[in-house]
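What follows is the content of work_30.pdb (PDB, C-alpha atoms and all ligand atoms).
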MODEL        1
ATOM      1  CA  MET A 137     -48.890 -12.701  -1.866  1.00  0.00           C
ATOM      2  CA  SER A 138     -45.558 -10.922  -1.397  1.00  0.00           C
ATOM      3  CA  ILE A 139     -45.525  -7.165  -1.810  1.00  0.00           C
ATOM      4  CA  LEU A 140     -41.834  -6.863  -1.051  1.00  0.00           C
ATOM      5  CA  ARG A 141     -39.445  -9.778  -1.226  1.00  0.00           C
ATOM      6  CA  VAL A 142     -35.735  -9.363  -0.611  1.00  0.00           C
ATOM      7  CA  GLU A 143     -33.358 -12.255  -1.157  1.00  0.00           C
ATOM      8  CA  ASN A 144     -29.668 -12.369  -0.218  1.00  0.00           C
ATOM      9  CA  LEU A 145     -29.202  -8.674  -0.893  1.00  0.00           C
ATOM     10  CA  THR A 146     -25.573  -7.584  -0.854  1.00  0.00           C
ATOM     11  CA  LYS A 147     -24.158  -4.139  -1.642  1.00  0.00           C
ATOM     12  CA  THR A 148     -20.461  -3.538  -2.124  1.00  0.00           C
ATOM     13  CA  TYR A 149     -18.902  -0.174  -2.947  1.00  0.00           C
ATOM     14  CA  PRO A 150     -15.600  -0.061  -4.765  1.00  0.00           C
ATOM     15  CA  SER A 151     -13.136   2.005  -2.770  1.00  0.00           C
ATOM     16  CA  ALA A 152      -9.467   3.020  -2.974  1.00  0.00           C
ATOM     17  CA  GLY A 153      -8.253   0.250  -0.703  1.00  0.00           C
ATOM     18  CA  GLN A 154     -10.516  -2.759  -0.280  1.00  0.00           C
ATOM     19  CA  PRO A 155     -14.066  -2.926  -1.631  1.00  0.00           C
ATOM     20  CA  LEU A 156     -16.496  -1.972   1.137  1.00  0.00           C
ATOM     21  CA  THR A 157     -19.459  -4.306   1.698  1.00  0.00           C
ATOM     22  CA  VAL A 158     -22.180  -2.342   3.505  1.00  0.00           C
ATOM     23  CA  LEU A 159     -24.971  -4.955   3.237  1.00  0.00           C
ATOM     24  CA  HIS A 160     -24.447  -8.707   3.589  1.00  0.00           C
ATOM     25  CA  GLU A 161     -27.021 -11.215   2.334  1.00  0.00           C
ATOM     26  CA  VAL A 162     -30.131  -9.561   3.752  1.00  0.00           C
ATOM     27  CA  SER A 163     -33.447 -11.400   3.196  1.00  0.00           C
ATOM     28  CA  PHE A 164     -37.058 -10.824   4.215  1.00  0.00           C
ATOM     29  CA  ASP A 165     -40.549 -11.073   2.770  1.00  0.00           C
ATOM     30  CA  LEU A 166     -43.522  -8.747   3.402  1.00  0.00           C
ATOM     31  CA  ALA A 167     -47.194  -9.158   2.525  1.00  0.00           C
ATOM     32  CA  ALA A 168     -49.825  -6.506   1.764  1.00  0.00           C
ATOM     33  CA  GLY A 169     -50.560  -4.354   4.785  1.00  0.00           C
ATOM     34  CA  ASP A 170     -47.527  -5.499   6.797  1.00  0.00           C
ATOM     35  CA  THR A 171     -45.708  -2.959   8.954  1.00  0.00           C
ATOM     36  CA  PHE A 172     -41.965  -3.378   9.254  1.00  0.00           C
ATOM     37  CA  ALA A 173     -39.205  -1.437  11.012  1.00  0.00           C
ATOM     38  CA  ILE A 174     -35.499  -1.479  10.223  1.00  0.00           C
ATOM     39  CA  VAL A 175     -33.294  -0.384  13.126  1.00  0.00           C
ATOM     40  CA  GLY A 176     -29.569  -0.317  13.805  1.00  0.00           C
ATOM     41  CA  PRO A 177     -26.712   2.067  14.543  1.00  0.00           C
ATOM     42  CA  SER A 178     -25.633   4.868  12.220  1.00  0.00           C
ATOM     43  CA  GLY A 179     -23.823   3.422   9.203  1.00  0.00           C
ATOM     44  CA  SER A 180     -25.349  -0.054   9.595  1.00  0.00           C
ATOM     45  CA  GLY A 181     -26.868   0.043   6.093  1.00  0.00           C
ATOM     46  CA  LYS A 182     -30.494   1.048   6.750  1.00  0.00           C
ATOM     47  CA  THR A 183     -30.756   3.793   4.106  1.00  0.00           C
ATOM     48  CA  THR A 184     -28.813   1.644   1.649  1.00  0.00           C
ATOM     49  CA  LEU A 185     -31.263  -1.236   2.167  1.00  0.00           C
ATOM     50  CA  LEU A 186     -34.274   1.048   1.737  1.00  0.00           C
ATOM     51  CA  GLY A 187     -32.863   2.509  -1.498  1.00  0.00           C
ATOM     52  CA  LEU A 188     -32.316  -0.975  -2.943  1.00  0.00           C
ATOM     53  CA  CYS A 189     -35.841  -2.103  -1.973  1.00  0.00           C
ATOM     54  CA  ALA A 190     -37.356   0.980  -3.613  1.00  0.00           C
ATOM     55  CA  GLY A 191     -35.361   0.524  -6.819  1.00  0.00           C
ATOM     56  CA  LEU A 192     -33.414   3.770  -6.337  1.00  0.00           C
ATOM     57  CA  ASP A 193     -30.156   1.854  -6.494  1.00  0.00           C
ATOM     58  CA  ARG A 194     -28.924  -1.568  -7.675  1.00  0.00           C
ATOM     59  CA  ALA A 195     -27.594  -4.340  -5.472  1.00  0.00           C
ATOM     60  CA  THR A 196     -24.227  -6.003  -6.113  1.00  0.00           C
ATOM     61  CA  SER A 197     -25.937  -9.377  -5.747  1.00  0.00           C
ATOM     62  CA  GLY A 198     -29.278 -10.725  -4.617  1.00  0.00           C
ATOM     63  CA  SER A 199     -32.771  -9.770  -5.735  1.00  0.00           C
ATOM     64  CA  VAL A 200     -35.733  -7.555  -4.869  1.00  0.00           C
ATOM     65  CA  TRP A 201     -39.330  -8.158  -5.976  1.00  0.00           C
ATOM     66  CA  VAL A 202     -41.892  -5.346  -5.623  1.00  0.00           C
ATOM     67  CA  ASN A 203     -45.448  -6.509  -6.237  1.00  0.00           C
ATOM     68  CA  GLY A 204     -44.001  -9.570  -7.980  1.00  0.00           C
ATOM     69  CA  ILE A 205     -41.728  -7.539 -10.293  1.00  0.00           C
ATOM     70  CA  GLN A 206     -38.038  -8.446 -10.063  1.00  0.00           C
ATOM     71  CA  LEU A 207     -36.198  -5.090  -9.985  1.00  0.00           C
ATOM     72  CA  ASP A 208     -32.702  -6.278 -10.850  1.00  0.00           C
ATOM     73  CA  LYS A 209     -33.887  -7.510 -14.254  1.00  0.00           C
ATOM     74  CA  LEU A 210     -35.072  -4.018 -15.238  1.00  0.00           C
ATOM     75  CA  SER A 211     -33.428  -1.061 -16.961  1.00  0.00           C
ATOM     76  CA  GLU A 212     -33.102   2.283 -15.178  1.00  0.00           C
ATOM     77  CA  ASP A 213     -36.228   3.608 -16.953  1.00  0.00           C
ATOM     78  CA  GLU A 214     -38.251   0.505 -16.160  1.00  0.00           C
ATOM     79  CA  ARG A 215     -37.291   0.773 -12.501  1.00  0.00           C
ATOM     80  CA  ALA A 216     -38.387   4.422 -12.487  1.00  0.00           C
ATOM     81  CA  ALA A 217     -41.767   3.328 -13.864  1.00  0.00           C
ATOM     82  CA  VAL A 218     -42.135   0.674 -11.128  1.00  0.00           C
ATOM     83  CA  ARG A 219     -41.241   3.295  -8.504  1.00  0.00           C
ATOM     84  CA  ASN A 220     -43.875   5.665  -9.816  1.00  0.00           C
ATOM     85  CA  GLN A 221     -46.542   2.971  -9.912  1.00  0.00           C
ATOM     86  CA  HIS A 222     -45.939   0.942  -6.787  1.00  0.00           C
ATOM     87  CA  VAL A 223     -43.648   2.803  -4.420  1.00  0.00           C
ATOM     88  CA  GLY A 224     -43.744   5.876  -2.178  1.00  0.00           C
ATOM     89  CA  PHE A 225     -40.584   7.170  -0.530  1.00  0.00           C
ATOM     90  CA  ILE A 226     -40.045   9.615   2.332  1.00  0.00           C
ATOM     91  CA  PHE A 227     -36.372  10.523   2.364  1.00  0.00           C
ATOM     92  CA  GLN A 228     -34.206  11.120   5.420  1.00  0.00           C
ATOM     93  CA  ASN A 229     -33.713  14.725   4.252  1.00  0.00           C
ATOM     94  CA  PHE A 230     -37.204  15.134   2.658  1.00  0.00           C
ATOM     95  CA  GLN A 231     -35.817  15.949  -0.839  1.00  0.00           C
ATOM     96  CA  LEU A 232     -38.563  18.358  -1.782  1.00  0.00           C
ATOM     97  CA  LEU A 233     -37.848  20.290  -4.957  1.00  0.00           C
ATOM     98  CA  PRO A 234     -36.892  23.784  -3.739  1.00  0.00           C
ATOM     99  CA  THR A 235     -38.212  25.653  -6.783  1.00  0.00           C
ATOM    100  CA  LEU A 236     -41.691  24.118  -6.464  1.00  0.00           C
ATOM    101  CA  THR A 237     -44.398  24.994  -3.936  1.00  0.00           C
ATOM    102  CA  ALA A 238     -45.799  22.411  -1.510  1.00  0.00           C
ATOM    103  CA  LEU A 239     -48.731  21.806  -3.870  1.00  0.00           C
ATOM    104  CA  GLU A 240     -46.474  21.476  -6.922  1.00  0.00           C
ATOM    105  CA  ASN A 241     -44.206  19.031  -5.062  1.00  0.00           C
ATOM    106  CA  VAL A 242     -47.197  16.779  -4.284  1.00  0.00           C
ATOM    107  CA  LEU A 243     -48.359  17.114  -7.904  1.00  0.00           C
ATOM    108  CA  VAL A 244     -45.105  15.768  -9.381  1.00  0.00           C
ATOM    109  CA  PRO A 245     -45.877  12.030  -9.038  1.00  0.00           C
ATOM    110  CA  LEU A 246     -49.520  12.555 -10.014  1.00  0.00           C
ATOM    111  CA  GLU A 247     -48.579  14.430 -13.176  1.00  0.00           C
ATOM    112  CA  LEU A 248     -45.926  11.866 -14.050  1.00  0.00           C
ATOM    113  CA  ARG A 249     -48.770   9.400 -14.137  1.00  0.00           C
ATOM    114  CA  GLY A 250     -51.012  11.743 -16.097  1.00  0.00           C
ATOM    115  CA  GLN A 251     -53.686  11.405 -13.458  1.00  0.00           C
ATOM    116  CA  ARG A 252     -56.925  13.351 -13.868  1.00  0.00           C
ATOM    117  CA  GLY A 253     -58.047  15.676 -11.096  1.00  0.00           C
ATOM    118  CA  ALA A 254     -54.461  15.786  -9.862  1.00  0.00           C
ATOM    119  CA  THR A 255     -54.719  19.236  -8.283  1.00  0.00           C
ATOM    120  CA  GLN A 256     -57.806  18.253  -6.296  1.00  0.00           C
ATOM    121  CA  THR A 257     -56.100  15.064  -5.075  1.00  0.00           C
ATOM    122  CA  ALA A 258     -52.943  16.963  -4.109  1.00  0.00           C
ATOM    123  CA  LEU A 259     -54.946  19.589  -2.188  1.00  0.00           C
ATOM    124  CA  GLU A 260     -56.846  16.863  -0.337  1.00  0.00           C
ATOM    125  CA  LEU A 261     -53.569  15.208   0.642  1.00  0.00           C
ATOM    126  CA  LEU A 262     -52.138  18.506   1.899  1.00  0.00           C
ATOM    127  CA  ASP A 263     -55.305  19.037   3.900  1.00  0.00           C
ATOM    128  CA  ARG A 264     -54.914  15.543   5.332  1.00  0.00           C
ATOM    129  CA  VAL A 265     -51.451  16.384   6.645  1.00  0.00           C
ATOM    130  CA  GLY A 266     -52.717  19.693   8.028  1.00  0.00           C
ATOM    131  CA  LEU A 267     -51.086  21.933   5.439  1.00  0.00           C
ATOM    132  CA  ALA A 268     -53.978  23.191   3.314  1.00  0.00           C
ATOM    133  CA  ALA A 269     -53.054  26.753   4.246  1.00  0.00           C
ATOM    134  CA  ARG A 270     -49.437  26.219   3.173  1.00  0.00           C
ATOM    135  CA  ALA A 271     -50.094  24.831  -0.330  1.00  0.00           C
ATOM    136  CA  ASN A 272     -48.446  27.767  -2.063  1.00  0.00           C
ATOM    137  CA  HIS A 273     -45.391  27.974   0.184  1.00  0.00           C
ATOM    138  CA  TYR A 274     -41.960  26.926  -1.020  1.00  0.00           C
ATOM    139  CA  PRO A 275     -39.958  24.387   1.034  1.00  0.00           C
ATOM    140  CA  ALA A 276     -37.660  27.160   2.340  1.00  0.00           C
ATOM    141  CA  GLN A 277     -40.748  28.841   3.804  1.00  0.00           C
ATOM    142  CA  LEU A 278     -41.768  25.694   5.698  1.00  0.00           C
ATOM    143  CA  SER A 279     -40.501  24.300   8.993  1.00  0.00           C
ATOM    144  CA  GLY A 280     -38.783  20.902   9.098  1.00  0.00           C
ATOM    145  CA  GLY A 281     -41.955  19.190  10.345  1.00  0.00           C
ATOM    146  CA  GLU A 282     -44.035  20.850   7.636  1.00  0.00           C
ATOM    147  CA  GLN A 283     -41.584  19.751   4.950  1.00  0.00           C
ATOM    148  CA  GLN A 284     -41.760  16.236   6.384  1.00  0.00           C
ATOM    149  CA  ARG A 285     -45.550  16.287   6.054  1.00  0.00           C
ATOM    150  CA  VAL A 286     -45.392  17.572   2.435  1.00  0.00           C
ATOM    151  CA  SER A 287     -42.987  14.734   1.777  1.00  0.00           C
ATOM    152  CA  LEU A 288     -45.535  12.289   3.265  1.00  0.00           C
ATOM    153  CA  ALA A 289     -48.333  13.723   1.102  1.00  0.00           C
ATOM    154  CA  ARG A 290     -46.137  13.374  -1.994  1.00  0.00           C
ATOM    155  CA  ALA A 291     -45.111   9.818  -1.100  1.00  0.00           C
ATOM    156  CA  PHE A 292     -48.744   8.822  -0.721  1.00  0.00           C
ATOM    157  CA  ALA A 293     -50.063  10.654  -3.809  1.00  0.00           C
ATOM    158  CA  ASN A 294     -50.138   7.576  -6.024  1.00  0.00           C
ATOM    159  CA  ARG A 295     -51.477   5.302  -3.264  1.00  0.00           C
ATOM    160  CA  PRO A 296     -48.403   3.075  -3.415  1.00  0.00           C
ATOM    161  CA  ALA A 297     -48.480  -0.618  -2.547  1.00  0.00           C
ATOM    162  CA  VAL A 298     -45.445  -0.015  -0.372  1.00  0.00           C
ATOM    163  CA  LEU A 299     -44.362   3.120   1.425  1.00  0.00           C
ATOM    164  CA  PHE A 300     -40.735   3.499   2.529  1.00  0.00           C
ATOM    165  CA  ALA A 301     -39.928   6.111   5.144  1.00  0.00           C
ATOM    166  CA  ASP A 302     -36.368   6.872   6.231  1.00  0.00           C
ATOM    167  CA  GLU A 303     -36.432   8.351   9.750  1.00  0.00           C
ATOM    168  CA  PRO A 304     -39.935   9.803   9.344  1.00  0.00           C
ATOM    169  CA  THR A 305     -39.835  11.305  12.827  1.00  0.00           C
ATOM    170  CA  GLY A 306     -36.183  12.381  12.866  1.00  0.00           C
ATOM    171  CA  ASN A 307     -35.921  16.051  13.895  1.00  0.00           C
ATOM    172  CA  LEU A 308     -39.628  16.413  14.718  1.00  0.00           C
ATOM    173  CA  ASP A 309     -41.027  17.643  18.018  1.00  0.00           C
ATOM    174  CA  PRO A 310     -43.120  15.054  19.940  1.00  0.00           C
ATOM    175  CA  ASP A 311     -46.505  16.462  18.788  1.00  0.00           C
ATOM    176  CA  THR A 312     -45.612  16.645  15.101  1.00  0.00           C
ATOM    177  CA  SER A 313     -43.910  13.284  15.363  1.00  0.00           C
ATOM    178  CA  GLU A 314     -47.061  11.697  16.783  1.00  0.00           C
ATOM    179  CA  ARG A 315     -49.115  13.274  14.028  1.00  0.00           C
ATOM    180  CA  VAL A 316     -46.848  11.936  11.276  1.00  0.00           C
ATOM    181  CA  VAL A 317     -46.805   8.464  12.843  1.00  0.00           C
ATOM    182  CA  ASN A 318     -50.586   8.386  13.209  1.00  0.00           C
ATOM    183  CA  LEU A 319     -50.947   9.372   9.565  1.00  0.00           C
ATOM    184  CA  LEU A 320     -48.593   6.636   8.414  1.00  0.00           C
ATOM    185  CA  PHE A 321     -50.513   3.955  10.298  1.00  0.00           C
ATOM    186  CA  GLU A 322     -53.884   5.378   9.171  1.00  0.00           C
ATOM    187  CA  LEU A 323     -52.768   5.094   5.546  1.00  0.00           C
ATOM    188  CA  ASN A 324     -51.592   1.570   6.284  1.00  0.00           C
ATOM    189  CA  ARG A 325     -54.971   0.599   7.737  1.00  0.00           C
ATOM    190  CA  GLU A 326     -57.178   2.394   5.227  1.00  0.00           C
ATOM    191  CA  ALA A 327     -55.347   1.593   2.001  1.00  0.00           C
ATOM    192  CA  GLY A 328     -53.534  -1.613   2.997  1.00  0.00           C
ATOM    193  CA  THR A 329     -50.225   0.091   2.219  1.00  0.00           C
ATOM    194  CA  THR A 330     -47.235  -1.938   3.367  1.00  0.00           C
ATOM    195  CA  LEU A 331     -45.074   0.272   5.602  1.00  0.00           C
ATOM    196  CA  VAL A 332     -41.305  -0.040   5.793  1.00  0.00           C
ATOM    197  CA  LEU A 333     -39.818   2.376   8.313  1.00  0.00           C
ATOM    198  CA  VAL A 334     -36.218   3.103   9.191  1.00  0.00           C
ATOM    199  CA  THR A 335     -36.040   4.587  12.644  1.00  0.00           C
ATOM    200  CA  HIS A 336     -33.912   5.222  15.705  1.00  0.00           C
ATOM    201  CA  ASP A 337     -37.122   5.640  17.679  1.00  0.00           C
ATOM    202  CA  LEU A 338     -37.733   2.349  19.481  1.00  0.00           C
ATOM    203  CA  GLU A 339     -41.237   3.418  20.467  1.00  0.00           C
ATOM    204  CA  LEU A 340     -42.101   3.796  16.791  1.00  0.00           C
ATOM    205  CA  ALA A 341     -40.418   0.487  15.915  1.00  0.00           C
ATOM    206  CA  ALA A 342     -42.504  -1.183  18.635  1.00  0.00           C
ATOM    207  CA  LYS A 343     -45.687  -0.145  16.796  1.00  0.00           C
ATOM    208  CA  THR A 344     -44.814  -2.309  13.777  1.00  0.00           C
ATOM    209  CA  GLN A 345     -45.451  -6.032  13.406  1.00  0.00           C
ATOM    210  CA  ARG A 346     -41.811  -6.924  12.745  1.00  0.00           C
ATOM    211  CA  THR A 347     -38.460  -5.295  13.378  1.00  0.00           C
ATOM    212  CA  LEU A 348     -35.214  -6.102  11.598  1.00  0.00           C
ATOM    213  CA  ARG A 349     -32.038  -5.138  13.425  1.00  0.00           C
ATOM    214  CA  LEU A 350     -28.908  -4.467  11.350  1.00  0.00           C
ATOM    215  CA  ARG A 351     -25.346  -4.183  12.514  1.00  0.00           C
ATOM    216  CA  GLY A 352     -22.444  -3.673  10.138  1.00  0.00           C
ATOM    217  CA  GLY A 353     -24.735  -4.465   7.208  1.00  0.00           C
ATOM    218  CA  ARG A 354     -25.852  -7.824   8.610  1.00  0.00           C
ATOM    219  CA  VAL A 355     -29.186  -8.874  10.056  1.00  0.00           C
ATOM    220  CA  VAL A 356     -28.492  -9.574  13.711  1.00  0.00           C
ATOM    221  CA  GLU A 357     -32.060 -10.048  14.880  1.00  0.00           C
ATOM    222  CA  GLU A 358     -35.639 -10.156  13.671  1.00  0.00           C
ATOM    223  CA  ILE A 359     -38.245  -9.370  16.311  1.00  0.00           C
ATOM    224  CA  LEU A 360     -41.933 -10.191  15.917  1.00  0.00           C
ATOM    225  CA  ALA A 361     -44.580  -8.003  17.540  1.00  0.00           C
ATOM    226  CA  SER A 362     -45.742 -10.938  19.664  1.00  0.00           C
ATOM    227  CA  ALA A 363     -42.291 -10.953  21.289  1.00  0.00           C
ATOM    228  CA  LYS A 364     -42.099  -7.157  21.715  1.00  0.00           C
TER     229      LYS A 364
HETATM  230  N1  LIG B   1     -21.750   5.848  -2.279  1.00  0.00           N
HETATM  231  C1  LIG B   1     -21.109   5.268  -1.255  1.00  0.00           C
HETATM  232  N2  LIG B   1     -19.819   4.882  -1.366  1.00  0.00           N
HETATM  233  C2  LIG B   1     -19.165   4.272  -0.351  1.00  0.00           C
HETATM  234  N3  LIG B   1     -19.719   4.000   0.833  1.00  0.00           N
HETATM  235  C3  LIG B   1     -21.001   4.363   1.012  1.00  0.00           C
HETATM  236  C4  LIG B   1     -21.770   5.008  -0.007  1.00  0.00           C
HETATM  237  N4  LIG B   1     -23.024   5.237   0.481  1.00  0.00           N
HETATM  238  C5  LIG B   1     -23.026   4.758   1.738  1.00  0.00           C
HETATM  239  N5  LIG B   1     -21.822   4.239   2.065  1.00  0.00           N
HETATM  240  C6  LIG B   1     -21.462   3.595   3.345  1.00  0.00           C
HETATM  241  O1  LIG B   1     -22.392   2.561   3.615  1.00  0.00           O
HETATM  242  C7  LIG B   1     -22.616   2.426   4.989  1.00  0.00           C
HETATM  243  C8  LIG B   1     -24.117   2.374   5.264  1.00  0.00           C
HETATM  244  O2  LIG B   1     -24.674   3.651   4.988  1.00  0.00           O
HETATM  245  P1  LIG B   1     -26.214   3.957   5.224  1.00  0.00           P
HETATM  246  O3  LIG B   1     -26.471   5.332   4.732  1.00  0.00           O
HETATM  247  O4  LIG B   1     -27.006   2.860   4.626  1.00  0.00           O
HETATM  248  O5  LIG B   1     -26.304   3.891   6.821  1.00  0.00           O
HETATM  249  P2  LIG B   1     -27.546   4.136   7.788  1.00  0.00           P
HETATM  250  O6  LIG B   1     -27.739   2.868   8.574  1.00  0.00           O
HETATM  251  O7  LIG B   1     -28.704   4.656   7.023  1.00  0.00           O
HETATM  252  O8  LIG B   1     -26.978   5.252   8.786  1.00  0.00           O
HETATM  253  P3  LIG B   1     -27.720   6.540   9.477  1.00  0.00           P
HETATM  254  O9  LIG B   1     -28.464   5.987  10.663  1.00  0.00           O
HETATM  255  O10 LIG B   1     -26.550   7.388   9.882  1.00  0.00           O
HETATM  256  O11 LIG B   1     -28.599   7.189   8.457  1.00  0.00           O
HETATM  257  C9  LIG B   1     -21.908   3.594   5.664  1.00  0.00           C
HETATM  258  O12 LIG B   1     -20.729   3.117   6.266  1.00  0.00           O
HETATM  259  C10 LIG B   1     -21.609   4.530   4.522  1.00  0.00           C
HETATM  260  O13 LIG B   1     -20.422   5.250   4.759  1.00  0.00           O
HETATM  261 MG    MG B   2     -29.672   6.496   6.971  1.00  0.00          MG
ENDMDL
END

Could you show the structure in this file as structure tokens?
Ligand SMILES: Nc1ncnc2c1ncn2[C@@H]1O[C@H](COP(=O)(O)OP(=O)(O)OP(=O)(O)O)[C@@H](O)[C@H]1O
Ligand SMILES: [Mg+2]
Amino acid sequence: MSILRVENLTKTYPSAGQPLTVLHEVSFDLAAGDTFAIVGPSGSGKTTLLGLCAGLDRATSGSVWVNGIQLDKLSEDERAAVRNQHVGFIFQNFQLLPTLTALENVLVPLELRGQRGATQTALELLDRVGLAARANHYPAQLSGGEQQRVSLARAFANRPAVLFADEPTGNLDPDTSERVVNLLFELNREAGTTLVLVTHDLELAAKTQRTLRLRGGRVVEEILASAK
């Protein structure tokens, strides 16, 4: 069964002169446990595509199904509910809430769901990413790599069916980067989470089963692991 299905996705922004189309008719289909990389130059539409797949934004045309639910038929609130239930997202710039500690940031999605034992779960996740000792630190008191790992713990809190990560290793030193990557693939193996990664790191892309290459908002190539 499809966990993420994208069909003819197009995104056009209105602009002063001509409307700007930043994604053209992108399609793909992922099953449970698949690992998928999206690569391409800066401005090629990778973050835009991820945001549409995760229901953070609406396409101009085309459709997205997450776990069989067609996102473009839903209201803003309904999409937020689908995100909370099925989707984890690691943003390019982490997007931790600055007024909350690491622990409180990880608790947000758990509390939104009214989950029992949320604090215990959040502490376990922070331990998993090696930050048990930093639970009560605020984002400003954490390094970039530490913030990235809090962001990973938060994204995984609700054990999403699909985890989107936008440049999960951008700005990380090689050791921290390896640690984050290993964690992502461990979660994929253990929980069957479908991974969708945007990356400039070709070594990371090579670890996934399929790679989609974008240029100017169009799919120029799809590479299967067997051909890598
Ligand atoms: N709100 C917006 N209005 C108009 N144009 C936008 C808007 N958001 C993004 N764009 C344009 O869409 C294009 C794709 O942007 P996107 O952020 O998806 O690129 P990207 O592939 O993630 O790049 P990078 O590797 O630099 O993160 C860019 O040319 C960008 O300027
Ligand atoms: Mg981007």

>> As a check of understanding, name the residues that the PyMOL selection byres (((chain A and resi 349) around 6) and not hetatm) selects in the supplied structure, as a list in words.
In response: Ile174, Val175, Gly176, Leu348, Leu350, Val355, Val356 and Glu357 of chain A

>> Once the PyMOL selection byres (((chain A and resi 359) around 10) and not hetatm) is applied to the coordinates I shared, what remains selected? I want it as a list in words.
In response: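 Going through the file, the PyMOL selection byres (((chain A and resi 359) around 10) and not hetatm) ends up selecting Phe172, Ala173, Ala342, Thr344, Gln345, Arg346, Thr347, Leu348, Arg349, Glu357, Glu358, Leu360, Ala361, Ser362, Ala363 and Lys364 of chain A.
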
>> What would the selection look like, as number ranges by chain, if the PyMOL selection byres (((not hetatm)) within 12 of (chain B and resi 1)) were run on the coordinates I just shared?
In response: A: 146-160, 174-188, 193-194, 227-229, 301-304, 306, 333-337, 349-355

Filtering to C-alpha atoms, could you give me those residues as a tab-separated table (two decimals), keeping the file's coordinate frame?
chain	number	residue	atom	x	y	z
A	146	THR	CA	-25.57	-7.58	-0.85
A	147	LYS	CA	-24.16	-4.14	-1.64
A	148	THR	CA	-20.46	-3.54	-2.12
A	149	TYR	CA	-18.90	-0.17	-2.95
A	150	PRO	CA	-15.60	-0.06	-4.76
A	151	SER	CA	-13.14	2.00	-2.77
A	152	ALA	CA	-9.47	3.02	-2.97
A	153	GLY	CA	-8.25	0.25	-0.70
A	154	GLN	CA	-10.52	-2.76	-0.28
A	155	PRO	CA	-14.07	-2.93	-1.63
A	156	LEU	CA	-16.50	-1.97	1.14
A	157	THR	CA	-19.46	-4.31	1.70
A	158	VAL	CA	-22.18	-2.34	3.50
A	159	LEU	CA	-24.97	-4.96	3.24
A	160	HIS	CA	-24.45	-8.71	3.59
A	174	ILE	CA	-35.50	-1.48	10.22
A	175	VAL	CA	-33.29	-0.38	13.13
A	176	GLY	CA	-29.57	-0.32	13.80
A	177	PRO	CA	-26.71	2.07	14.54
A	178	SER	CA	-25.63	4.87	12.22
A	179	GLY	CA	-23.82	3.42	9.20
A	180	SER	CA	-25.35	-0.05	9.60
A	181	GLY	CA	-26.87	0.04	6.09
A	182	LYS	CA	-30.49	1.05	6.75
A	183	THR	CA	-30.76	3.79	4.11
A	184	THR	CA	-28.81	1.64	1.65
A	185	LEU	CA	-31.26	-1.24	2.17
A	186	LEU	CA	-34.27	1.05	1.74
A	187	GLY	CA	-32.86	2.51	-1.50
A	188	LEU	CA	-32.32	-0.98	-2.94
A	193	ASP	CA	-30.16	1.85	-6.49
A	194	ARG	CA	-28.92	-1.57	-7.68
A	227	PHE	CA	-36.37	10.52	2.36
A	228	GLN	CA	-34.21	11.12	5.42
A	229	ASN	CA	-33.71	14.72	4.25
A	301	ALA	CA	-39.93	6.11	5.14
A	302	ASP	CA	-36.37	6.87	6.23
A	303	GLU	CA	-36.43	8.35	9.75
A	304	PRO	CA	-39.94	9.80	9.34
A	306	GLY	CA	-36.18	12.38	12.87
A	333	LEU	CA	-39.82	2.38	8.31
A	334	VAL	CA	-36.22	3.10	9.19
A	335	THR	CA	-36.04	4.59	12.64
A	336	HIS	CA	-33.91	5.22	15.70
A	337	ASP	CA	-37.12	5.64	17.68
A	349	ARG	CA	-32.04	-5.14	13.42
A	350	LEU	CA	-28.91	-4.47	11.35
A	351	ARG	CA	-25.35	-4.18	12.51
A	352	GLY	CA	-22.44	-3.67	10.14
A	353	GLY	CA	-24.74	-4.46	7.21
A	354	ARG	CA	-25.85	-7.82	8.61
A	355	VAL	CA	-29.19	-8.87	10.06

>> (-56.2, 21.9, -3.4) in this file's frame - what residues fall within 12 Å of it? Use all atoms listed in the file and give the answer as a PyMOL selection string.
In response: chain A and resi 238-240+242-243+253-264+267-272

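For the atom pair formed by CA of Gln221 in chain A and CA of Ser287 in chain A, the distance is 17.0 Å, given to one decimal.
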
With 3 Å on each side, where is the centre of the axis-aligned box around all listed atoms of range 271-285 of chain A, and how long are its edges in Å to one decimal, as JSON?
{"center_x": -43.9, "center_y": 22.5, "center_z": 4.1, "size_x": 18.4, "size_y": 18.6, "size_z": 18.4}

Range 248-254 of chain A rebuilt with N, CA and C atoms, output as a CSV table (one decimal), keeping the file's coordinate frame:
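The resulting part.csv:
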chain,number,residue,atom,x,y,z
A,248,LEU,N,-46.7,12.9,-13.3
A,248,LEU,CA,-45.9,11.9,-14.0
A,248,LEU,C,-46.8,10.7,-14.5
A,249,ARG,N,-47.9,10.5,-13.8
A,249,ARG,CA,-48.8,9.4,-14.1
A,249,ARG,C,-49.9,9.9,-15.0
A,250,GLY,N,-50.0,11.2,-15.3
A,250,GLY,CA,-51.0,11.7,-16.1
A,250,GLY,C,-52.4,11.6,-15.5
A,251,GLN,N,-52.4,11.6,-14.1
A,251,GLN,CA,-53.7,11.4,-13.5
A,251,GLN,C,-54.6,12.6,-13.6
A,252,ARG,N,-55.9,12.3,-13.8
A,252,ARG,CA,-56.9,13.4,-13.9
A,252,ARG,C,-57.2,13.9,-12.5
A,253,GLY,N,-57.7,15.1,-12.4
A,253,GLY,CA,-58.0,15.7,-11.1
A,253,GLY,C,-56.9,15.7,-10.1
A,254,ALA,N,-55.7,15.9,-10.7
A,254,ALA,CA,-54.5,15.8,-9.9
A,254,ALA,C,-54.4,16.9,-8.8
